[in-house]
>>> print(open('data-v5.cif').read())   # mmCIF, C-alpha atoms and all ligand atoms
data_input
#
loop_
_atom_site.label_atom_id
_atom_site.label_comp_id
_atom_site.auth_asym_id
_atom_site.auth_seq_id
_atom_site.Cartn_x
_atom_site.Cartn_y
_atom_site.Cartn_z
CA MET A 1 95.25 97.82 125.99
CA LYS A 2 95.17 96.73 122.34
CA ASN A 3 96.37 98.93 119.45
CA GLY A 4 97.50 101.58 121.89
CA PHE A 5 100.11 102.76 124.34
CA GLY A 6 100.62 105.22 127.15
CA SER A 7 99.11 105.72 130.54
CA SER A 8 98.61 109.44 131.19
CA VAL A 9 98.76 110.27 127.47
CA ARG A 10 97.08 107.30 125.77
CA VAL A 11 97.30 106.77 122.04
CA THR A 12 95.03 104.42 120.06
CA LEU A 13 95.61 103.55 116.42
CA PHE A 14 93.03 102.35 113.88
CA GLY A 15 92.45 101.75 110.18
CA GLU A 16 93.52 99.60 107.25
CA SER A 17 95.76 100.37 104.30
CA HIS A 18 92.93 100.31 101.72
CA GLY A 19 90.02 101.36 103.96
CA PRO A 20 88.61 104.88 103.69
CA TYR A 21 90.83 106.30 106.45
CA VAL A 22 93.66 105.55 108.83
CA GLY A 23 93.62 107.43 112.12
CA ALA A 24 94.65 107.77 115.75
CA VAL A 25 93.38 109.26 119.01
CA ALA A 26 95.53 110.81 121.73
CA ASP A 27 93.70 111.17 125.03
CA GLY A 28 95.24 112.97 127.99
CA LEU A 29 97.38 115.53 126.17
CA ALA A 30 97.58 118.89 127.93
CA PRO A 31 95.03 121.53 126.86
CA GLY A 32 96.45 124.56 125.09
CA LEU A 33 99.11 122.87 122.92
CA PRO A 34 99.45 124.45 119.45
CA VAL A 35 98.06 122.41 116.55
CA ASP A 36 99.55 124.10 113.51
CA PRO A 37 98.37 122.43 110.26
CA ALA A 38 101.38 123.69 108.27
CA ARG A 39 103.84 122.27 110.80
CA VAL A 40 101.94 118.99 110.99
CA GLN A 41 102.05 118.67 107.18
CA LYS A 42 105.78 119.35 107.22
CA ARG A 43 106.30 116.36 109.51
CA MET A 44 103.93 114.27 107.37
CA ALA A 45 106.06 115.10 104.31
CA LEU A 46 109.11 113.61 106.06
CA ARG A 47 107.30 110.24 106.28
CA ALA A 48 105.74 110.41 102.83
CA ALA A 49 107.16 108.41 99.95
CA ALA A 50 109.45 110.42 97.68
CA GLY A 51 111.92 109.91 94.84
CA ALA A 52 113.28 106.68 93.41
CA ILE A 53 113.98 105.16 96.83
CA SER A 54 110.32 104.93 97.94
CA THR A 55 107.11 103.25 96.85
CA PRO A 56 105.34 104.85 93.86
CA ARG A 57 102.17 104.96 96.03
CA ARG A 58 101.90 108.73 96.53
CA GLU A 59 99.14 110.37 98.59
CA PRO A 60 98.54 113.88 99.86
CA ASP A 61 98.36 112.55 103.45
CA GLU A 62 96.38 115.49 104.71
CA ALA A 63 95.92 115.25 108.48
CA LEU A 64 92.34 116.05 109.39
CA PHE A 65 91.84 116.78 113.09
CA VAL A 66 88.21 115.94 113.82
CA SER A 67 88.13 116.36 117.60
CA GLY A 68 90.09 117.87 120.46
CA VAL A 69 91.12 121.13 118.74
CA TYR A 70 89.59 124.58 119.18
CA GLU A 71 91.06 127.80 117.75
CA GLY A 72 94.35 126.09 116.88
CA ARG A 73 95.02 124.58 120.30
CA THR A 74 94.32 121.23 121.94
CA THR A 75 91.30 121.23 124.21
CA GLY A 76 92.59 118.41 126.44
CA THR A 77 89.79 116.08 125.31
CA PRO A 78 90.53 113.24 122.83
CA LEU A 79 92.54 114.55 119.89
CA THR A 80 91.51 112.51 116.84
CA VAL A 81 93.23 112.63 113.47
CA LEU A 82 92.04 111.05 110.23
CA ILE A 83 94.03 110.59 107.03
CA ALA A 84 92.24 109.52 103.86
CA ASN A 85 93.58 106.63 101.79
CA THR A 86 93.36 107.99 98.29
CA SER A 87 95.69 105.77 96.27
CA ALA A 88 94.70 102.19 97.10
CA LYS A 89 95.11 99.65 94.28
CA SER A 90 93.48 96.60 95.81
CA ALA A 91 93.61 94.50 92.62
CA ASP A 92 97.33 93.94 93.27
CA TYR A 93 96.36 91.91 96.34
CA GLU A 94 93.31 90.02 95.12
CA LYS A 95 95.44 87.78 92.90
CA THR A 96 97.57 86.64 95.83
CA ARG A 97 95.03 86.69 98.68
CA ALA A 98 96.15 83.40 100.26
CA MET A 99 99.84 83.66 99.39
CA ALA A 100 101.81 84.54 102.52
CA ARG A 101 104.41 87.19 101.76
CA PRO A 102 107.55 85.97 103.56
CA GLY A 103 108.48 88.45 106.30
CA HIS A 104 105.04 90.11 106.23
CA ALA A 105 102.00 89.60 108.47
CA ASP A 106 99.65 87.93 105.95
CA TYR A 107 99.92 84.43 107.43
CA THR A 108 99.95 85.48 111.11
CA ALA A 109 96.97 87.83 110.59
CA PHE A 110 95.06 84.99 108.90
CA MET A 111 95.84 82.65 111.81
CA LYS A 112 94.68 85.27 114.34
CA TYR A 113 91.63 86.68 112.58
CA GLY A 114 90.54 83.54 110.71
CA GLY A 115 90.12 85.13 107.29
CA TYR A 116 88.05 88.11 108.50
CA GLU A 117 91.09 90.40 108.32
CA ASP A 118 91.31 92.99 105.56
CA PRO A 119 94.21 91.67 103.46
CA ARG A 120 94.48 94.57 101.06
CA GLY A 121 97.84 96.33 101.21
CA GLY A 122 98.73 94.56 104.45
CA GLY A 123 95.45 95.77 106.03
CA HIS A 124 95.91 96.83 109.65
CA PHE A 125 99.60 95.80 109.51
CA SER A 126 100.51 98.32 106.82
CA GLY A 127 103.19 100.99 107.29
CA ARG A 128 100.39 103.34 106.18
CA LEU A 129 99.08 103.37 109.76
CA THR A 130 102.23 105.20 110.83
CA ALA A 131 100.90 108.36 109.11
CA PRO A 132 98.45 109.29 111.92
CA LEU A 133 101.17 108.60 114.49
CA VAL A 134 103.32 111.18 112.73
CA ALA A 135 100.43 113.69 112.78
CA LEU A 136 99.83 113.30 116.53
CA GLY A 137 103.58 113.17 117.15
CA ALA A 138 103.96 116.53 115.40
CA VAL A 139 101.79 118.14 118.08
CA ALA A 140 103.83 116.50 120.86
CA LEU A 141 107.14 117.42 119.15
CA ASP A 142 106.16 121.09 118.98
CA ALA A 143 105.03 121.13 122.61
CA LEU A 144 108.25 119.47 123.77
CA GLY A 145 110.24 121.93 121.64
CA GLU A 146 108.62 124.81 123.53
CA LYS A 147 109.92 123.16 126.70
CA GLY A 148 113.45 123.00 125.25
CA ILE A 149 113.26 119.25 124.58
CA LEU A 150 114.54 118.41 121.09
CA ILE A 151 114.24 115.06 119.32
CA GLY A 152 116.16 114.09 116.19
CA THR A 153 116.93 110.91 114.28
CA HIS A 154 119.47 110.17 111.57
CA ILE A 155 120.07 107.14 109.39
CA ARG A 156 122.99 105.58 111.21
CA SER A 157 123.36 102.92 108.55
CA LEU A 158 121.53 101.81 105.43
CA ALA A 159 122.39 98.78 103.29
CA GLY A 160 125.56 98.42 105.39
CA ILE A 161 126.72 101.99 104.63
CA ALA A 162 127.43 103.97 107.81
CA ASP A 163 126.70 107.63 108.55
CA ARG A 164 129.03 109.50 110.92
CA ASP A 165 128.12 109.74 114.60
CA PHE A 166 126.49 112.75 116.24
CA SER A 167 129.15 115.30 117.21
CA ASP A 168 127.30 118.52 118.13
CA LEU A 169 123.69 117.81 119.11
CA SER A 170 122.73 121.46 119.65
CA ARG A 171 123.44 122.18 115.98
CA GLU A 172 122.64 118.81 114.40
CA LEU A 173 119.24 118.02 115.96
CA PRO A 174 117.36 121.11 114.72
CA ALA A 175 118.83 120.64 111.21
CA LEU A 176 117.83 116.95 111.04
CA GLY A 177 114.18 117.74 111.63
CA GLU A 178 113.85 119.32 108.20
CA LYS A 179 115.75 116.76 106.12
CA ARG A 180 113.85 114.30 103.98
CA PHE A 181 116.77 111.90 103.91
CA ALA A 182 118.35 112.45 107.31
CA VAL A 183 122.08 111.82 107.32
CA LEU A 184 124.90 113.78 108.95
CA ASP A 185 127.42 112.97 106.19
CA ALA A 186 126.01 113.89 102.76
CA SER A 187 128.45 111.64 100.88
CA ALA A 188 127.33 108.60 102.93
CA GLY A 189 123.76 109.64 102.07
CA ASP A 190 124.54 109.56 98.34
CA ARG A 191 126.03 106.08 98.62
CA MET A 192 123.01 104.91 100.63
CA ARG A 193 120.58 106.16 98.00
CA ARG A 194 122.52 104.41 95.24
CA ALA A 195 122.46 101.16 97.25
CA VAL A 196 118.67 101.43 97.69
CA GLU A 197 118.16 102.08 93.97
CA GLU A 198 120.41 99.17 93.10
CA ALA A 199 118.46 96.84 95.43
CA ALA A 200 115.20 98.02 93.85
CA ARG A 201 116.53 97.27 90.36
CA ALA A 202 117.41 93.77 91.54
CA GLY A 203 113.80 93.31 92.75
CA ASP A 204 115.07 93.30 96.31
CA SER A 205 115.13 95.53 99.42
CA VAL A 206 117.53 96.72 102.16
CA GLY A 207 117.40 97.63 105.86
CA GLY A 208 119.29 99.81 108.29
CA VAL A 209 119.59 101.41 111.70
CA LEU A 210 118.19 104.73 112.93
CA GLN A 211 119.90 106.64 115.73
CA THR A 212 117.84 109.00 117.87
CA ALA A 213 118.95 111.66 120.35
CA VAL A 214 116.80 113.67 122.74
CA THR A 215 118.26 116.72 124.47
CA GLY A 216 116.82 118.92 127.21
CA LEU A 217 115.14 116.14 129.19
CA PRO A 218 115.27 116.85 132.91
CA PRO A 219 116.79 114.20 135.16
CA GLY A 220 114.35 112.06 137.15
CA VAL A 221 111.86 111.16 134.39
CA GLY A 222 110.72 107.53 134.05
CA GLU A 223 109.51 104.89 136.43
CA PRO A 224 111.54 102.03 137.88
CA TRP A 225 111.26 98.51 136.48
CA PHE A 226 108.54 98.00 133.89
CA ASP A 227 107.67 101.58 133.00
CA SER A 228 111.32 102.55 132.65
CA VAL A 229 112.16 105.01 129.87
CA GLU A 230 113.73 102.08 128.01
CA SER A 231 110.69 99.80 128.51
CA ALA A 232 108.11 102.45 127.57
CA LEU A 233 109.99 103.52 124.45
CA SER A 234 110.96 100.11 123.19
CA ARG A 235 107.41 98.76 123.58
CA VAL A 236 106.23 101.43 121.17
CA LEU A 237 109.26 101.38 118.86
CA PHE A 238 108.79 97.62 118.41
CA GLY A 239 105.20 98.37 117.43
CA ILE A 240 106.43 100.17 114.30
CA PRO A 241 106.19 97.68 111.43
CA ALA A 242 109.60 96.30 110.36
CA VAL A 243 111.39 97.29 113.60
CA LYS A 244 113.34 94.28 114.85
CA GLY A 245 115.75 95.74 117.41
CA VAL A 246 116.13 98.62 119.87
CA GLU A 247 119.22 99.42 121.95
CA PHE A 248 119.98 102.26 124.35
CA GLY A 249 123.33 103.99 124.50
CA ASP A 250 126.07 101.65 123.35
CA GLY A 251 123.60 98.76 123.81
CA PHE A 252 125.00 95.39 122.81
CA ALA A 253 128.52 96.83 122.44
CA LEU A 254 128.59 97.49 126.23
CA CYS A 255 128.80 93.74 126.75
CA GLY A 256 132.26 93.58 125.19
CA MET A 257 133.60 96.35 127.45
CA ARG A 258 134.94 96.31 130.95
CA GLY A 259 133.02 98.12 133.68
CA SER A 260 135.67 100.80 133.69
CA GLU A 261 134.84 101.55 130.04
CA ALA A 262 131.09 100.96 130.14
CA ASN A 263 130.43 103.22 133.15
CA ASP A 264 129.83 106.92 132.58
CA PRO A 265 131.85 108.78 135.24
CA PHE A 266 129.99 111.62 136.95
CA ALA A 267 131.29 115.18 137.07
CA VAL A 268 130.08 118.71 137.84
CA GLU A 269 129.95 121.26 135.01
CA ASN A 270 128.71 124.81 135.64
CA GLY A 271 127.14 123.65 138.90
CA ARG A 272 125.23 120.83 137.16
CA VAL A 273 125.75 117.07 137.49
CA ILE A 274 126.77 115.51 134.18
CA THR A 275 128.45 112.32 133.02
CA ARG A 276 131.75 112.57 131.12
CA THR A 277 130.71 109.87 128.63
CA ASN A 278 127.21 108.75 127.68
CA ARG A 279 127.51 105.03 126.92
CA ASN A 280 124.31 104.32 128.89
CA GLY A 281 122.28 106.63 126.68
CA GLY A 282 121.11 109.03 129.39
CA VAL A 283 119.20 106.43 131.42
CA ASN A 284 120.16 104.70 134.68
CA GLY A 285 117.69 102.45 136.51
CA GLY A 286 115.09 103.31 133.88
CA ILE A 287 115.20 107.00 134.87
CA THR A 288 116.72 109.89 132.91
CA ASN A 289 119.99 111.25 134.28
CA GLY A 290 119.87 114.59 132.44
CA MET A 291 122.30 113.59 129.67
CA PRO A 292 120.99 113.23 126.10
CA LEU A 293 118.76 110.18 125.65
CA LEU A 294 120.36 108.04 122.93
CA PHE A 295 118.96 104.94 121.24
CA ASN A 296 119.15 102.92 118.03
CA THR A 297 116.27 101.31 116.17
CA ALA A 298 116.89 98.46 113.73
CA VAL A 299 114.63 98.42 110.66
CA LYS A 300 114.64 95.28 108.53
CA PRO A 301 114.51 95.19 104.71
CA THR A 302 111.01 95.64 103.26
CA PRO A 303 109.36 92.21 103.09
CA SER A 304 107.51 92.73 99.77
CA ILE A 305 110.03 92.11 96.99
CA ALA A 306 109.74 91.19 93.33
CA LYS A 307 112.39 88.49 93.55
CA PRO A 308 110.72 85.04 93.56
CA GLN A 309 110.55 83.44 97.02
CA ASP A 310 109.21 80.20 98.47
CA THR A 311 105.92 80.54 100.29
CA VAL A 312 102.65 78.70 100.95
CA ASP A 313 99.08 79.18 99.83
CA PHE A 314 97.48 79.09 103.28
CA PHE A 315 93.97 78.39 101.98
CA GLN A 316 95.18 75.15 100.43
CA THR A 317 98.22 74.48 102.70
CA LYS A 318 100.25 74.08 99.51
CA GLU A 319 103.78 75.24 98.73
CA ALA A 320 104.11 77.96 96.11
CA VAL A 321 106.45 80.62 94.76
CA ILE A 322 105.65 84.33 95.15
CA SER A 323 107.00 87.39 93.36
CA VAL A 324 105.33 90.40 95.00
CA THR A 325 103.77 92.85 92.58
CA GLY A 326 102.21 96.13 93.74
CA ARG A 327 103.91 99.28 94.95
CA HIS A 328 106.47 98.84 97.71
CA ASP A 329 109.37 100.65 99.33
CA PRO A 330 112.78 99.17 98.50
CA ALA A 331 113.78 100.52 101.95
CA ILE A 332 111.69 101.65 104.90
CA VAL A 333 114.46 103.14 107.04
CA HIS A 334 114.37 106.72 105.71
CA ARG A 335 110.57 106.89 106.06
CA ALA A 336 110.49 105.25 109.49
CA ARG A 337 112.66 107.93 111.02
CA ALA A 338 109.79 110.48 111.14
CA VAL A 339 107.74 107.76 112.82
CA VAL A 340 110.46 107.14 115.41
CA ASP A 341 110.60 110.87 116.22
CA ALA A 342 106.80 110.99 116.50
CA VAL A 343 106.36 108.03 118.84
CA THR A 344 109.33 109.15 120.92
CA ALA A 345 107.60 112.51 121.43
CA LEU A 346 104.32 110.83 122.40
CA VAL A 347 105.98 108.42 124.84
CA LEU A 348 108.01 111.22 126.43
CA ALA A 349 104.88 113.40 126.69
CA ASP A 350 103.33 110.52 128.63
CA LEU A 351 106.33 110.03 130.96
CA LEU A 352 106.62 113.78 131.56
CA ALA A 353 102.90 114.00 132.37
CA LEU A 354 103.32 111.14 134.85
CA ARG A 355 106.23 112.98 136.47
CA PHE A 356 105.03 116.61 136.43
CA GLY A 357 101.29 116.43 135.69
CA THR A 358 99.25 116.82 132.49
CA ASP A 359 99.44 120.62 132.28
CA TRP A 360 103.25 120.77 132.49
CA LEU A 361 103.52 120.41 128.72
CA ARG A 362 101.41 123.48 128.00
CA GLY A 363 103.31 126.26 126.26
CA ALA A 364 103.27 129.84 127.54
CA ARG A 365 100.30 131.94 126.42
C1 LIG B 401 106.76 103.69 106.82
C2 LIG B 401 106.67 102.22 106.53
C3 LIG B 401 106.43 101.78 105.23
C4 LIG B 401 106.35 100.41 104.93
N1 LIG B 401 106.15 100.03 103.64
C5 LIG B 401 106.13 98.70 103.32
C6 LIG B 401 105.96 98.29 101.97
O1 LIG B 401 105.87 99.10 101.04
N2 LIG B 401 105.95 96.96 101.73
C7 LIG B 401 106.09 96.01 102.72
O2 LIG B 401 106.09 94.82 102.46
N3 LIG B 401 106.26 96.39 104.00
C8 LIG B 401 106.26 97.69 104.33
N4 LIG B 401 106.42 98.06 105.65
C9 LIG B 401 106.71 97.02 106.67
C10 LIG B 401 105.57 96.06 106.97
O3 LIG B 401 104.41 96.77 107.31
C11 LIG B 401 106.01 95.08 108.09
O4 LIG B 401 107.23 94.51 107.79
C12 LIG B 401 104.97 94.00 108.28
O5 LIG B 401 103.79 94.54 108.83
C13 LIG B 401 105.44 92.85 109.19
O6 LIG B 401 105.74 93.32 110.47
P1 LIG B 401 107.18 93.06 111.14
O7 LIG B 401 108.19 93.33 110.08
O8 LIG B 401 107.26 94.05 112.27
O9 LIG B 401 107.20 91.64 111.60
C14 LIG B 401 106.50 99.44 105.97
C15 LIG B 401 106.74 99.88 107.30
C16 LIG B 401 106.83 101.26 107.57
C17 LIG B 401 107.12 101.69 108.99
#
>>> encode(input="data-v5.cif", output="structure tokens", more="lines below")
Ligand SMILES: Cc1cc2nc3c(=O)[nH]c(=O)nc-3n(C[C@H](O)[C@H](O)[C@H](O)COP(=O)(O)O)c2cc1C
Amino acid sequence: MKNGFGSSVRVTLFGESHGPYVGAVADGLAPGLPVDPARVQKRMALRAAAGAISTPRREPDEALFVSGVYEGRTTGTPLTVLIANTSAKSADYEKTRAMARPGHADYTAFMKYGGYEDPRGGGHFSGRLTAPLVALGAVALDALGEKGILIGTHIRSLAGIADRDFSDLSRELPALGEKRFAVLDASAGDRMRRAVEEAARAGDSVGGVLQTAVTGLPPGVGEPWFDSVESALSRVLFGIPAVKGVEFGDGFALCGMRGSEANDPFAVENGRVITRTNRNGGVNGGITNGMPLLFNTAVKPTPSIAKPQDTVDFFQTKEAVISVTGRHDPAIVHRARAVVDAVTALVLADLLALRFGTDWLRGAR
């Protein structure tokens, strides 16, 4: 399946950065899920560019649901969302049509599509296409919330500056959802912003790591082997432009530990099986164990930078130097976190539907 993911809940993405619309379809969502435009727009605002640390390309990003909704609820037939591109400045790209931006998809798209690709603003490879994912994800996030499943992401590090770790998920996750710049330690957040602004002034960009937690997931969700919770999530997380790494629990750090440290000992608390630590991120054998699902997503520095860089003109196979003009984010991390929450909700909606059936996600009414 190209440009899509999911098996019971299938999502397909379409559009180009400077085309009339970007959009997505979710097929297989339960009927009866609330589609609240105000709540959807709130999630969209978390992804939208804002302040000095984002691209000056600003758009209303109004999510228009054109199918699959009746009287404010999903119908269970394909839910299609469109978002108009209203602030495209294609002239920025015409000058450098054949100049491959290092780190971006210009050259690889040309090699795959032979020059028929839409190059404007990164075309189909633009971060702009994450907007409809956030709109569909908002519906899934609300439905999961009604089931007591909460998803939240904070900026674990940005430009090498670390946030503190989660300490009290029941309090921190609901609060994160509303933050535009989601950190747990406000002073680390201030230093991060300054570092992004400084990189922008230098014509450069910075990257970072997002940490996500999901609470309230029942044990026993996920399939063994290739549709494991880890496989299903990382396939989609790696689809987000600029994501270059995903790790679950303590991830790579587990490899430096002994088994006695890396294992999460089991215990019984209030008649429920728990683990005393959660280094494996709530997943064993690809299946949830009932502890919070924890994972990190690595987001690289924005490829488009003003600083001059070596490149090639791929029409002429000639070396050149590029300094990227146009409107770009000096960091993507803070915007990508709403996207991570959204795709996590859609992937979990799929895995839960596989486990309990499509209608399980329906809220009470
Ligand atoms: C929300 C979001 C916004 C982005 N904004 C930009 C941008 O302004 N400039 C840019 O060069 N890349 C931007 N990107 C990243 C590129 O789309 C991405 O690096 C490119 O498609 C190459 O893919 P890869 O990094 O996964 O290999 C953005 C990504 C996201 C998720």
>>> closest_atom_pairs(input="data-v5.cif", of="chain A", to="ligand LIG 401 (chain B)", cutoff="8 Å", atoms="only C-alpha atoms and all ligand atoms", output="CSV")
residue,atom,partner,partner_atom,distance
A:Arg47,CA,B:LIG401,C1,6.6
A:Ala48,CA,B:LIG401,C1,7.9
A:Ser54,CA,B:LIG401,O1,8.0
A:Thr55,CA,B:LIG401,O1,6.0
A:Arg101,CA,B:LIG401,O2,7.8
A:Gly103,CA,B:LIG401,C13,6.1
A:His104,CA,B:LIG401,C13,4.1
A:Ala105,CA,B:LIG401,C13,4.8
A:Gly122,CA,B:LIG401,O5,6.7
A:Phe125,CA,B:LIG401,O5,4.4
A:Ser126,CA,B:LIG401,O3,4.2
A:Gly127,CA,B:LIG401,C16,3.7
A:Arg128,CA,B:LIG401,C3,6.3
A:Thr130,CA,B:LIG401,C1,6.2
A:Ala131,CA,B:LIG401,C1,7.8
A:Phe238,CA,B:LIG401,O8,7.3
A:Gly239,CA,B:LIG401,O8,7.0
A:Ile240,CA,B:LIG401,C17,5.6
A:Pro241,CA,B:LIG401,O8,3.9
A:Ala242,CA,B:LIG401,O7,3.3
A:Val243,CA,B:LIG401,O8,5.4
A:Lys244,CA,B:LIG401,O8,6.6
A:Lys300,CA,B:LIG401,O7,6.9
A:Pro301,CA,B:LIG401,O4,7.9
A:Thr302,CA,B:LIG401,N3,4.9
A:Pro303,CA,B:LIG401,O2,4.2
A:Ser304,CA,B:LIG401,O2,3.7
A:Ile305,CA,B:LIG401,O2,7.3
A:Arg327,CA,B:LIG401,O1,6.4
A:His328,CA,B:LIG401,O1,3.4
A:Asp329,CA,B:LIG401,O1,4.2
A:Pro330,CA,B:LIG401,O1,7.4
A:Ala331,CA,B:LIG401,N1,7.8
A:Ile332,CA,B:LIG401,C3,5.3
A:Val333,CA,B:LIG401,C1,7.7
A:Arg335,CA,B:LIG401,C1,5.0
A:Ala336,CA,B:LIG401,C1,4.8
A:Val339,CA,B:LIG401,C17,7.2
>>> residues_near_point(input="data-v5.cif", point="(120.2, 108.9, 108.2)", cutoff="8 Å", atoms="all atoms listed in the file", output="PDB file with C-alpha atoms, keeping the file's coordinate frame")
ATOM      1  CA  THR A 153     116.930 110.910 114.280  1.00  0.00           C
ATOM      2  CA  HIS A 154     119.470 110.170 111.570  1.00  0.00           C
ATOM      3  CA  ILE A 155     120.070 107.140 109.390  1.00  0.00           C
ATOM      4  CA  ARG A 156     122.990 105.580 111.210  1.00  0.00           C
ATOM      5  CA  SER A 157     123.360 102.920 108.550  1.00  0.00           C
ATOM      6  CA  LEU A 158     121.530 101.810 105.430  1.00  0.00           C
ATOM      7  CA  ASP A 163     126.700 107.630 108.550  1.00  0.00           C
ATOM      8  CA  PHE A 181     116.770 111.900 103.910  1.00  0.00           C
ATOM      9  CA  ALA A 182     118.350 112.450 107.310  1.00  0.00           C
ATOM     10  CA  VAL A 183     122.080 111.820 107.320  1.00  0.00           C
ATOM     11  CA  LEU A 184     124.900 113.780 108.950  1.00  0.00           C
ATOM     12  CA  GLY A 189     123.760 109.640 102.070  1.00  0.00           C
ATOM     13  CA  LEU A 210     118.190 104.730 112.930  1.00  0.00           C
ATOM     14  CA  GLN A 211     119.900 106.640 115.730  1.00  0.00           C
ATOM     15  CA  HIS A 334     114.370 106.720 105.710  1.00  0.00           C
TER      16      HIS A 334
END
>>> residues_around(input="data-v5.cif", residues="Asn289 of chain A", least_positions_apart="3", cutoff="7 Å", atoms="only C-alpha atoms", output="list in words")
Pro219, Gly220, Gly282, Val283 and Asn284 of chain A
>>> closest_residue(input="data-v5.cif", among="A:Ser167, A:Gly357, A:Phe226, A:Ser234", to="Val340 of chain A", atoms="only C-alpha atoms")
A:Ser234
>>> residues_around(input="data-v5.cif", residues="Ala143 of chain A", least_positions_apart="5", cutoff="12 Å", atoms="all atoms listed in the file", output="MDAnalysis selection string")
chainID A and resid 29:36 39 73:74 136:138 148:151 342 345:346 348:349 352 359:364
>>> closest_residue(input="data-v5.cif", among="A:Ala253, A:Ala200, A:Val343, A:Leu293", to="Glu230 of chain A", atoms="all atoms listed in the file")
A:Leu293
>>> residues_around(input="data-v5.cif", residues="Leu129 of chain A", least_positions_apart="4", cutoff="10 Å", atoms="all atoms listed in the file", output="list in words")
Leu13, Phe14, Gly15, Glu16, Ser17, Tyr21, Val22, Gly23, Ala24, Ile83, Gly123, His124, Phe125, Leu133, Val134, Ile240 and Pro241 of chain A
>>> closest_residue(input="data-v5.cif", among="A:Pro37, A:Gly152, A:Gly207, A:Gly256", to="Arg171 of chain A", atoms="all atoms listed in the file")
A:Gly152
>>> atom_distance(input="data-v5.cif", atom1="atom CA of Thr344 of chain A", atom2="atom CA of Ala232 of chain A")
9.5 Å
>>> atom_distance(input="data-v5.cif", atom1="atom CA of Leu141 of chain A", atom2="atom CA of Ser8 of chain A")
16.8 Å
